[in-house]
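Below is one structure, written out as structure tokens; comments come after it.
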Amino acid sequence: MKQKDNIYGIRQKEIKKFKFNKKVAEVFDDMIRRSVPLYSEIIDKEAKIAEKFYTKDTYIYDLGCSTGNFCSAFSEIFYNRPFKMICVDNSEPMLEICKNRIKDTDNIKFVRKDILKIDLKKSSVIAANFIFQFLPVEARKIMIKKIYDALIPGGILLTAEKIIHQKEDISKLQQDFYYKLKEENGYSKLEISQKREALENVLIPETISDHNRRFLKAGFQKTDIWLKWFNFTAFICIK
Ligand code: GEK
């Protein structure tokens with residue numbers, strides 16, 4: 001049974017930096033569905049896009065796989081067809097839940113490692129959702145380039161991120177609607193503000209221009225925002 005996220009429900013004396021520890025892993029599915037607008041839609045459509053672009057004898061990655069929602073959606077769609085998927089996460093509790101949930105070990109391998117330290121194999125699809133925002137800003141450039149180099153021509157990067165708008169008033173509007181959504185999803189003002197404090201300097205969002213510039217610099221000529229909700233954006237980049 002999925003556990004409800006109430007990690008920030010009680011006032012904390014000291015707000016510690018947010019970590020993907022056991023406590024978070026246990027409530028992750030509830031947390032992400034109540035914190036990321038259109039999360040299920042993103043995962044569902046990405047799995048369908050991935051089905052179109054995956055080609056035989058290449059790899060498909062889920063970088064920062066957490067509890068394996070993308071992996072699970074893709075394997076359901078690709079049912080009865082062989083594929084080679086690698087799910088990577090550096091949080092042991094997250095990967096444990098993912099491994100226990102995904103039974104298809106013929107097609108799927110799990111790697112507990114920092115994505116900055118892995119060598120990517122020849123791939124046709126790389127999903128990296130809500131993960132760049134947790135990497136040191138300088139490392140993001142290197143990671144995108146590494147992804148670009150691993151993709152075959154025609155291969156894709158699917159990435160969704162929390163973003164920030166460069167214009168303060170629009171940024172404020174986006175934040176307002178975002179916190180409103182969290183309240184609508186049952187989080188209290190206290191939970192919202194304590195979580196925001198825990199994520200400060202841990203989750204560092206960038207602008208759409210920052211993302212696009214980096215995609216282009218790595219070599220991606222064809223990119224699109226296929227979904228956007230205020231400060232959340234899903235990109236597709238085709239090599
Ligand atoms: C989903 N993609 O459900 N190396 C490997 N893993 C990392 C690193 C790193 N350097 N930094 C963070 N992680 C998922 C959601 S959650 C996003 C991704 C969120 C892992 C971290 O342990 C966590 O599981 C995941 O990236 C980020 O679509 O919680 O907002």
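Ordering of the structure tokens sets the chain letters (A, B, ...), residue numbers begin anew at 1 in every chain, and ligands are numbered from 1 in the order given.
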Would you write out, as CSV, a table of all residues in chain A that have an atom no more than 7 Å from an atom of ligand 1, listing for each the closest atom pair and the distance in Å to one decimal, considering only C-alpha atoms and all ligand atoms and ordering rows by chain and rising residue number?
```
residue,atom,partner,partner_atom_place_in_ligand_line,distance
A:Phe20,CA,ligand 1,22 (O),5.0
A:Ile32,CA,ligand 1,29 (O),6.3
A:Ile43,CA,ligand 1,28 (O),6.8
A:Leu63,CA,ligand 1,2 (N),6.6
A:Gly64,CA,ligand 1,26 (O),3.7
A:Cys65,CA,ligand 1,2 (N),4.5
A:Ser66,CA,ligand 1,24 (O),3.6
A:Thr67,CA,ligand 1,3 (O),6.5
A:Gly68,CA,ligand 1,3 (O),6.3
A:Asn69,CA,ligand 1,3 (O),5.3
A:Phe70,CA,ligand 1,28 (O),6.0
A:Val88,CA,ligand 1,5 (C),6.1
A:Asp89,CA,ligand 1,6 (N),3.7
A:Asn90,CA,ligand 1,5 (C),4.1
A:Ser91,CA,ligand 1,22 (O),4.3
A:Met94,CA,ligand 1,24 (O),5.8
A:Lys113,CA,ligand 1,5 (C),5.7
A:Asp114,CA,ligand 1,4 (N),3.4
A:Ile115,CA,ligand 1,4 (N),4.0
A:Leu116,CA,ligand 1,10 (N),5.9
A:Ala128,CA,ligand 1,2 (N),6.0
A:Asn129,CA,ligand 1,2 (N),4.1
A:Phe130,CA,ligand 1,17 (C),4.5
A:Ile131,CA,ligand 1,27 (C),4.9
A:Phe134,CA,ligand 1,11 (N),5.4
A:Leu135,CA,ligand 1,10 (N),5.9
```
Since we have the selection now, will you write its residues out, keeping C-alpha atoms, as a short mmCIF file (atom, residue, chain, number, x, y, z; two decimals), in the first residue's frame?
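See part39.cif below for the written result:
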```cif
data_model
loop_
_atom_site.label_atom_id
_atom_site.label_comp_id
_atom_site.auth_asym_id
_atom_site.auth_seq_id
_atom_site.Cartn_x
_atom_site.Cartn_y
_atom_site.Cartn_z
CA PHE A 20 16.30 11.04 -0.87
CA ILE A 32 5.54 13.21 -6.45
CA ILE A 43 5.11 9.54 -17.40
CA LEU A 63 18.26 8.28 -15.05
CA GLY A 64 17.18 9.17 -11.52
CA CYS A 65 14.55 6.44 -11.73
CA SER A 66 13.37 6.76 -8.09
CA THR A 67 10.73 4.07 -7.52
CA GLY A 68 10.56 3.19 -11.24
CA ASN A 69 7.40 4.86 -12.53
CA PHE A 70 8.75 5.52 -16.02
CA VAL A 88 19.98 4.40 -12.36
CA ASP A 89 19.60 6.11 -9.01
CA ASN A 90 22.12 6.89 -6.29
CA SER A 91 19.61 6.51 -3.46
CA MET A 94 14.69 4.40 -3.82
CA LYS A 113 25.35 5.09 -8.86
CA ASP A 114 25.73 8.82 -9.34
CA ILE A 115 24.57 9.49 -12.89
CA LEU A 116 27.55 11.80 -13.31
CA ALA A 128 15.97 11.89 -17.17
CA ASN A 129 13.01 13.33 -15.30
CA PHE A 130 13.30 15.86 -12.48
CA ILE A 131 16.96 15.06 -12.01
CA PHE A 134 19.34 18.26 -8.35
CA LEU A 135 22.75 18.22 -10.08
#
```
Counting only C-alpha atoms, what is within 12 Å of A:Lys109, bar same-chain residues fewer than 5 positions away, as a ChimeraX atom specification? /A:59-62,65,68,71,83-89,95,98-99,102-104
Would you mind listing what lies within 9 Å of stretch 169-184 of chain A as number ranges by chain, with only C-alpha atoms counted and same-chain residues fewer than 4 positions away left out? A: 34-37, 164-165, 188-189, 192, 229-231
Would you pick out the contacts of A:Phe78 at 12 Å or less, using only C-alpha atoms, so that residues sharing its chain but fewer than 4 positions from it are not included, and give the list as a JSON list (two decimals) with C-alpha atoms, in the first residue's frame?
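Heads up, here's the output in result-v9.json:
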```
[["chain", "number", "residue", "atom", "x", "y", "z"],
["A", 47, "ALA", "CA", 6.42, 5.90, -22.16],
["A", 48, "LYS", "CA", 4.39, 6.11, -25.37],
["A", 49, "ILE", "CA", 6.93, 8.42, -27.03],
["A", 50, "ALA", "CA", 9.69, 6.05, -25.91],
["A", 51, "GLU", "CA", 7.88, 3.14, -27.55],
["A", 52, "LYS", "CA", 8.02, 4.98, -30.88],
["A", 53, "PHE", "CA", 11.73, 5.77, -30.64],
["A", 54, "TYR", "CA", 13.18, 2.68, -28.99],
["A", 55, "THR", "CA", 15.15, 0.61, -31.45],
["A", 56, "LYS", "CA", 16.34, -2.97, -31.14],
["A", 60, "ILE", "CA", 16.88, 2.74, -22.88],
["A", 71, "CYS", "CA", 10.40, 2.12, -16.14],
["A", 72, "SER", "CA", 7.18, 0.42, -15.12],
["A", 73, "ALA", "CA", 5.07, 2.38, -17.64],
["A", 74, "PHE", "CA", 7.49, 1.57, -20.47],
["A", 82, "PRO", "CA", 12.59, -7.58, -25.80],
["A", 83, "PHE", "CA", 14.37, -4.41, -24.78],
["A", 84, "LYS", "CA", 17.40, -3.41, -22.73],
["A", 85, "MET", "CA", 16.72, -0.92, -19.99],
["A", 104, "ASP", "CA", 11.15, -8.04, -15.36],
["A", 107, "ASN", "CA", 15.03, -6.72, -19.81],
["A", 108, "ILE", "CA", 15.80, -4.34, -16.95]]
```
Calculate how many Å separate atom CA of A:Asp224 from atom CA of A:Asn212, rounding to one decimal.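 So the answer is 9.1 Å.
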I need the residue nearest A:Phe232 from this list: A:Glu197, A:Glu161, A:Asp210, A:Glu168. Use only C-alpha atoms for the distance.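 Of A:Glu197, A:Glu161, A:Asp210, A:Glu168, the one nearest A:Phe232, counting only C-alpha atoms, is A:Glu161.
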Run DSSP on the backbone and grab whatever in stretch 2-238 of chain A lands in strand (DSSP E); send it over as a CSV table (one decimal) with C-alpha atoms, in the first residue's frame.
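Okay, this is what ended up in part-v5.csv:
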```csv
chain,number,residue,atom,x,y,z
A,59,TYR,CA,19.6,0.7,-24.5
A,60,ILE,CA,16.9,2.7,-22.9
A,61,TYR,CA,17.8,4.5,-19.7
A,62,ASP,CA,15.8,5.9,-16.8
A,63,LEU,CA,18.3,8.3,-15.1
A,84,LYS,CA,17.4,-3.4,-22.7
A,85,MET,CA,16.7,-0.9,-20.0
A,86,ILE,CA,19.0,0.4,-17.3
A,87,CYS,CA,17.5,2.3,-14.3
A,88,VAL,CA,20.0,4.4,-12.4
A,89,ASP,CA,19.6,6.1,-9.0
A,108,ILE,CA,15.8,-4.3,-16.9
A,109,LYS,CA,18.9,-3.8,-14.9
A,110,PHE,CA,19.3,-1.6,-11.9
A,111,VAL,CA,22.4,0.5,-11.1
A,112,ARG,CA,23.0,2.3,-7.9
A,123,SER,CA,21.0,4.3,-26.6
A,124,SER,CA,17.9,5.2,-28.5
A,125,VAL,CA,15.9,6.6,-25.5
A,126,ILE,CA,17.2,8.3,-22.4
A,127,ALA,CA,14.7,9.5,-19.8
A,151,LEU,CA,22.3,8.5,-28.3
A,152,ILE,CA,22.2,7.1,-31.8
A,153,PRO,CA,21.1,9.5,-34.6
A,154,GLY,CA,17.3,9.8,-34.2
A,155,GLY,CA,17.5,8.8,-30.6
A,156,ILE,CA,15.8,11.0,-27.9
A,157,LEU,CA,16.2,12.6,-24.6
A,158,LEU,CA,13.0,13.0,-22.6
A,159,THR,CA,13.4,15.3,-19.6
A,160,ALA,CA,10.9,17.1,-17.4
A,161,GLU,CA,12.0,19.8,-15.0
A,162,LYS,CA,10.8,22.4,-12.6
A,222,LYS,CA,15.6,19.4,-32.7
A,223,THR,CA,13.9,20.2,-29.4
A,224,ASP,CA,10.4,20.9,-28.2
A,225,ILE,CA,8.4,21.5,-25.1
A,226,TRP,CA,5.6,19.0,-25.5
A,227,LEU,CA,4.0,19.9,-22.1
A,228,LYS,CA,4.1,22.9,-19.9
A,229,TRP,CA,2.2,23.8,-16.7
A,232,PHE,CA,6.9,22.7,-14.9
A,233,THR,CA,8.1,21.7,-18.4
A,234,ALA,CA,8.6,18.5,-20.3
A,235,PHE,CA,11.1,18.6,-23.1
A,236,ILE,CA,11.9,16.2,-26.0
A,237,CYS,CA,15.3,16.5,-27.8
A,238,ILE,CA,16.0,14.4,-30.9
```
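A straight line drawn from atom CA of A:Ile163 to atom CA of A:Ser193 is 18.3 Å long.
Between A:Lys17 and the candidates A:Lys4, A:Lys117, A:Lys167, A:Arg196, the tightest atom-to-atom separation, counting only C-alpha atoms, involves A:Arg196.
Residues of stretch 153-197 of chain A carrying a DSSP assignment of alpha helix (DSSP H), computed from the backbone, are Glu168, Asp169, Ile170, Ser171, Lys172, Leu173, Gln174, Gln175, Asp176, Phe177, Tyr178, Tyr179, Lys180, Leu181, Lys182, Glu183, Glu184, Lys189, Leu190, Glu191, Ile192, Ser193, Gln194, Lys195, Arg196 and Glu197 of chain A.
If you look at atom CA of A:Thr58 and atom CA of A:Lys122, they are 5.7 Å away from each other.
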Counting only C-alpha atoms, the residue of A:Asp5, A:Glu41, A:Glu138, A:Asp106 that sits nearest A:Val27: A:Asp5
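Minimum distance to A:Lys2 across A:Gln221, A:Met31, A:Lys16, A:Asn21 (counting only C-alpha atoms) occurs at A:Met31.
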Name all residues at most 8 Å from A:Lys141 (count only C-alpha atoms; drop same-chain ones fewer than 3 positions away) and give them as a list in words.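 The filter keeps Val137, Glu138, Ile144, Lys145, Arg214 and Ala218 of chain A.
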Mind checking which residues fall within 9 Å of A:Met143, counting only C-alpha atoms, ignoring those fewer than 3 positions away in the same chain, and posting them as a VMD selection string? chain A and resid 115 to 116 132 139 to 140 146 to 148
